[in-house]
>>> print(open('data_20.csv').read())   # CSV, C-alpha atoms
chain,number,residue,atom,x,y,z
A,2,MET,CA,19.9,10.3,4.6
A,3,LEU,CA,17.3,11.4,7.1
A,4,THR,CA,18.8,14.8,7.7
A,5,ASN,CA,20.1,15.9,4.3
A,6,ASN,CA,18.5,18.7,2.3
A,7,ALA,CA,16.8,16.3,-0.1
A,8,THR,CA,14.8,14.3,2.5
A,9,GLY,CA,15.1,16.1,5.9
A,10,GLY,CA,13.4,19.4,5.0
A,11,GLY,CA,16.6,21.3,4.8
A,12,MET,CA,17.2,24.9,3.6
A,13,TYR,CA,14.7,24.6,0.8
A,14,GLY,CA,12.9,21.5,1.8
A,15,ASP,CA,9.7,23.2,2.7
A,16,THR,CA,9.2,25.5,-0.2
A,17,ALA,CA,6.8,24.5,-3.0
A,18,ASP,CA,9.2,25.2,-5.9
A,19,SER,CA,12.1,23.3,-4.4
A,20,PRO,CA,13.8,20.6,-6.4
A,21,ALA,CA,14.4,18.9,-3.0
A,22,ILE,CA,11.9,16.2,-2.4
A,23,THR,CA,10.7,15.2,1.0
A,24,ALA,CA,10.6,11.5,1.3
A,25,THR,CA,7.0,10.9,2.5
A,26,SER,CA,5.4,7.5,2.5
A,27,PHE,CA,2.7,8.7,0.0
A,28,TYR,CA,5.3,10.0,-2.4
A,29,MET,CA,7.4,6.8,-2.2
A,30,LEU,CA,4.3,4.7,-2.9
A,31,HIS,CA,3.4,6.9,-5.8
A,32,GLN,CA,6.9,6.7,-7.1
A,33,ILE,CA,7.0,2.9,-6.8
A,34,SER,CA,3.6,2.4,-8.5
A,35,SER,CA,4.7,4.8,-11.3
A,36,PHE,CA,7.9,2.8,-11.7
A,37,LEU,CA,6.0,-0.5,-11.9
A,38,ARG,CA,3.9,0.9,-14.7
A,39,THR,CA,7.1,1.9,-16.5
A,40,TYR,CA,8.4,-1.6,-16.1
A,41,ILE,CA,5.4,-3.1,-17.8
A,42,GLN,CA,4.9,-0.4,-20.5
A,43,HIS,CA,8.4,0.3,-21.6
A,44,GLY,CA,10.2,-3.0,-21.3
A,45,ILE,CA,12.4,-2.1,-18.4
A,46,PHE,CA,11.6,-5.5,-17.0
A,47,GLY,CA,13.7,-6.8,-19.9
A,48,PHE,CA,16.5,-4.5,-18.7
A,49,TYR,CA,16.2,-6.0,-15.2
A,50,MET,CA,16.4,-9.5,-16.7
A,51,LEU,CA,19.4,-8.8,-18.8
A,52,GLU,CA,21.2,-7.0,-15.9
A,53,VAL,CA,20.7,-9.4,-13.1
A,54,GLY,CA,17.5,-11.4,-13.6
A,55,ILE,CA,19.0,-14.0,-15.9
A,56,TYR,CA,21.7,-14.8,-13.4
A,57,LEU,CA,19.2,-15.1,-10.5
A,58,LEU,CA,17.0,-17.3,-12.6
A,59,LEU,CA,19.9,-19.7,-13.5
A,60,ILE,CA,21.1,-20.0,-9.9
A,61,TRP,CA,17.6,-20.0,-8.3
A,62,SER,CA,17.5,-23.8,-7.6
A,63,PHE,CA,20.7,-23.6,-5.6
A,64,HIS,CA,19.4,-20.8,-3.3
A,65,LYS,CA,15.6,-21.3,-3.4
A,66,LYS,CA,15.4,-21.9,0.3
A,67,GLU,CA,17.4,-18.8,1.3
A,68,VAL,CA,15.6,-15.7,2.4
A,69,ILE,CA,18.6,-13.6,1.3
A,70,PHE,CA,18.1,-14.7,-2.3
A,71,TYR,CA,14.6,-13.3,-2.4
A,72,ALA,CA,15.7,-10.2,-0.6
A,73,VAL,CA,18.3,-9.6,-3.2
A,74,ALA,CA,16.0,-10.3,-6.2
A,75,ILE,CA,13.2,-8.1,-4.8
A,76,SER,CA,15.4,-5.2,-3.7
A,77,LEU,CA,17.2,-5.1,-7.1
A,78,PHE,CA,13.8,-4.9,-8.7
A,79,PHE,CA,12.6,-2.0,-6.6
A,80,ILE,CA,15.7,0.1,-5.9
A,81,PRO,CA,15.6,1.9,-9.3
A,82,ALA,CA,12.2,3.2,-8.3
A,83,ILE,CA,13.6,5.2,-5.4
A,84,HIS,CA,14.9,8.6,-6.5
A,85,ILE,CA,16.1,11.0,-3.7
A,86,GLY,CA,16.9,14.6,-4.4
A,87,VAL,CA,18.4,15.7,-7.7
A,88,SER,CA,20.5,12.7,-8.7
A,89,ASN,CA,20.3,8.9,-9.0
A,90,ASP,CA,23.1,8.2,-6.4
A,91,PHE,CA,20.7,6.1,-4.2
A,92,CYS,CA,20.1,3.6,-7.0
A,93,MET,CA,23.8,3.4,-7.9
A,94,ARG,CA,24.9,2.8,-4.3
A,95,ALA,CA,22.1,0.8,-2.9
A,96,SER,CA,22.2,-1.8,-5.7
A,97,ILE,CA,25.9,-2.6,-5.1
A,98,PRO,CA,25.4,-5.2,-2.2
A,99,GLY,CA,22.8,-7.2,-4.2
A,100,VAL,CA,24.8,-7.2,-7.4
A,101,PHE,CA,27.9,-8.2,-5.4
A,102,VAL,CA,26.1,-11.1,-3.7
A,103,THR,CA,24.8,-12.3,-7.1
A,104,MET,CA,28.4,-12.2,-8.4
A,105,VAL,CA,29.5,-14.4,-5.5
A,106,TRP,CA,26.7,-16.9,-6.1
A,107,CYS,CA,27.6,-17.1,-9.8
A,108,ASN,CA,31.3,-17.6,-8.9
A,109,GLU,CA,30.3,-20.3,-6.5
A,110,GLN,CA,28.5,-22.2,-9.3
A,111,ILE,CA,31.3,-21.7,-11.7
A,112,SER,CA,33.7,-23.0,-9.1
A,113,LYS,CA,31.6,-26.1,-8.5
A,114,LEU,CA,31.3,-26.6,-12.3
A,115,VAL,CA,35.1,-26.6,-12.7
A,116,LYS,CA,35.5,-29.1,-9.8
A,117,THR,CA,32.8,-31.6,-10.7
A,118,ARG,CA,30.8,-30.9,-13.8
A,119,LEU,CA,33.7,-30.6,-16.3
A,120,LYS,CA,34.3,-34.3,-15.7
A,121,LYS,CA,30.7,-35.2,-16.2
A,122,GLY,CA,29.9,-32.7,-18.9
A,123,LEU,CA,27.9,-29.5,-18.9
A,124,ASN,CA,24.2,-29.4,-18.3
A,125,LEU,CA,21.9,-26.9,-20.0
A,126,ARG,CA,21.7,-24.5,-17.0
A,127,MET,CA,25.5,-24.4,-16.5
A,128,THR,CA,26.0,-23.8,-20.2
A,129,ALA,CA,23.5,-20.9,-20.1
A,130,LEU,CA,25.1,-19.4,-17.0
A,131,LEU,CA,28.6,-19.5,-18.6
A,132,LEU,CA,27.2,-18.0,-21.8
A,133,ALA,CA,25.4,-15.2,-19.8
A,134,LEU,CA,28.5,-14.4,-17.9
A,135,MET,CA,30.6,-14.2,-21.1
A,136,ILE,CA,28.1,-11.9,-22.7
A,137,GLY,CA,27.9,-9.8,-19.5
A,138,ALA,CA,31.7,-9.5,-19.4
A,139,PHE,CA,31.7,-7.7,-22.8
A,140,THR,CA,30.7,-4.3,-21.4
A,141,PRO,CA,33.3,-4.1,-18.6
A,142,SER,CA,36.0,-5.5,-21.0
A,143,VAL,CA,35.2,-2.7,-23.4
A,144,GLU,CA,35.3,-0.1,-20.6
A,145,LEU,CA,38.7,-1.4,-19.4
A,146,PHE,CA,40.1,-1.3,-22.9
A,147,ARG,CA,38.7,2.2,-23.4
A,148,GLY,CA,40.4,3.4,-20.2
A,149,PHE,CA,43.8,2.0,-21.1
A,150,TYR,CA,43.5,3.1,-24.7
A,151,HIS,CA,42.8,6.7,-23.9
A,152,VAL,CA,45.5,6.9,-21.2
A,153,VAL,CA,48.1,5.6,-23.7
A,154,LYS,CA,46.7,7.8,-26.5
A,155,GLU,CA,46.6,11.1,-24.5
A,156,LYS,CA,49.7,10.2,-22.4
A,157,THR,CA,48.0,11.2,-19.2
A,158,ILE,CA,45.7,9.8,-16.5
A,159,PHE,CA,43.9,13.1,-16.0
A,160,LEU,CA,41.0,12.4,-18.4
A,161,GLU,CA,37.9,12.7,-16.2
A,162,ASN,CA,35.0,14.7,-17.4
A,163,MET,CA,33.2,16.0,-14.3
A,164,PRO,CA,31.2,19.1,-15.1
A,165,ASN,CA,29.1,18.7,-11.9
A,166,GLU,CA,31.9,17.3,-9.7
A,167,THR,CA,30.8,14.7,-7.1
A,168,LEU,CA,28.3,17.1,-5.4
A,169,ASP,CA,25.3,18.1,-7.5
A,170,VAL,CA,24.7,21.7,-6.5
A,171,VAL,CA,21.5,23.6,-7.4
A,172,ASP,CA,21.4,27.3,-6.5
A,173,GLY,CA,24.5,26.9,-4.2
A,174,VAL,CA,23.0,24.0,-2.3
A,175,SER,CA,23.9,20.3,-2.5
A,176,TYR,CA,20.6,18.6,-1.8
A,177,ASN,CA,21.8,15.0,-1.5
A,178,PHE,CA,25.0,15.6,0.4
A,179,GLU,CA,24.5,18.6,2.7
A,180,THR,CA,22.4,19.5,5.7
A,181,SER,CA,21.8,23.2,5.8
A,182,ASN,CA,20.2,23.4,9.2
A,183,ALA,CA,22.2,20.7,11.0
A,184,SER,CA,21.6,22.1,14.5
A,185,GLU,CA,17.8,21.6,14.1
A,186,GLN,CA,18.0,18.0,12.9
A,187,LEU,CA,17.4,14.8,15.0
A,188,PHE,CA,21.0,13.7,15.2
A,189,PHE,CA,22.3,17.0,16.5
A,190,LYS,CA,19.4,17.7,18.8
A,191,TYR,CA,19.3,14.4,20.6
A,192,PHE,CA,22.5,12.4,19.9
A,193,ALA,CA,25.4,14.7,19.4
A,194,LYS,CA,27.4,15.6,22.4
A,195,LYS,CA,27.1,19.3,23.3
A,196,LEU,CA,30.3,21.3,23.7
A,197,LYS,CA,30.7,23.3,26.9
>>> encode(input="data_20.csv", output="structure tokens")
Amino acid sequence: MLTNNATGGGMYGDTADSPAITATSFYMLHQISSFLRTYIQHGIFGFYMLEVGIYLLLIWSFHKKEVIFYAVAISLFFIPAIHIGVSNDFCMRASIPGVFVTMVWCNEQISKLVKTRLKKGLNLRMTALLLALMIGAFTPSVELFRGFYHVVKEKTIFLENMPNETLDVVDGVSYNFETSNASEQLFFKYFAKKLK
């Protein structure tokens, strides 16, 4: 990340009209403050709550003394504010660990529920967690159905629609995934072994 064209001042990183964005501290603070205003003004906080906040809220009492719980909650709140280069791949990839840990915590509570609570009856929080998980499962269920449906309907698995492919290329340069001047970057100058 530190040496690619988007953040490391690559081929076009120093030009004023470049879509590549140098990740300076000032810019990142500006981006985060702008993002927080958007959260408040446009109801994106509601999106956060629906995506992961409701689950974190319902399992909070089981993990309220764990630092990792707060690290997950805070990072998932701020990650969408970070935009590097010409695509949103940072947000997509950086949120995976936090979402995964939240899934494990929810599974842990459901497992405990099956072992003990079913005999004693459901409490309000466990009922709400089950309901939230069932509603949350609707989207992936529809996506799975859609995937199988179209494969059967078209009689082929080659159905991808990738106009930009994996690498977003602007003017022949992939900002997020390439380093145009690798030999001048930190890794190659100081850490890479020189060939004789």
>>> atom_distance(input="data_20.csv", atom1="CA of Arg94 (chain A)", atom2="CA of Ile136 (chain A)")
23.8 Å
>>> residues_around(input="data_20.csv", residues="region 109-116 of chain A", least_positions_apart="5", cutoff="9 Å", atoms="all atoms listed in the file", output="VMD selection string")
chain A and resid 60 63 104 123 127 130 to 131
>>> residues_around(input="data_20.csv", residues="Ser76 (chain A)", least_positions_apart="6", cutoff="12 Å", atoms="all atoms listed in the file", output="list in words")
Tyr49, Val53, Gly54, Ile69, Phe70, Ala82, Ile83, Cys92, Ala95, Ser96, Ile97, Pro98, Gly99 and Val100 of chain A
>>> atom_distance(input="data_20.csv", atom1="CA of Arg126 (chain A)", atom2="CA of Cys107 (chain A)")
11.9 Å
>>> atom_distance(input="data_20.csv", atom1="CA of Leu132 (chain A)", atom2="CA of Leu57 (chain A)")
14.1 Å
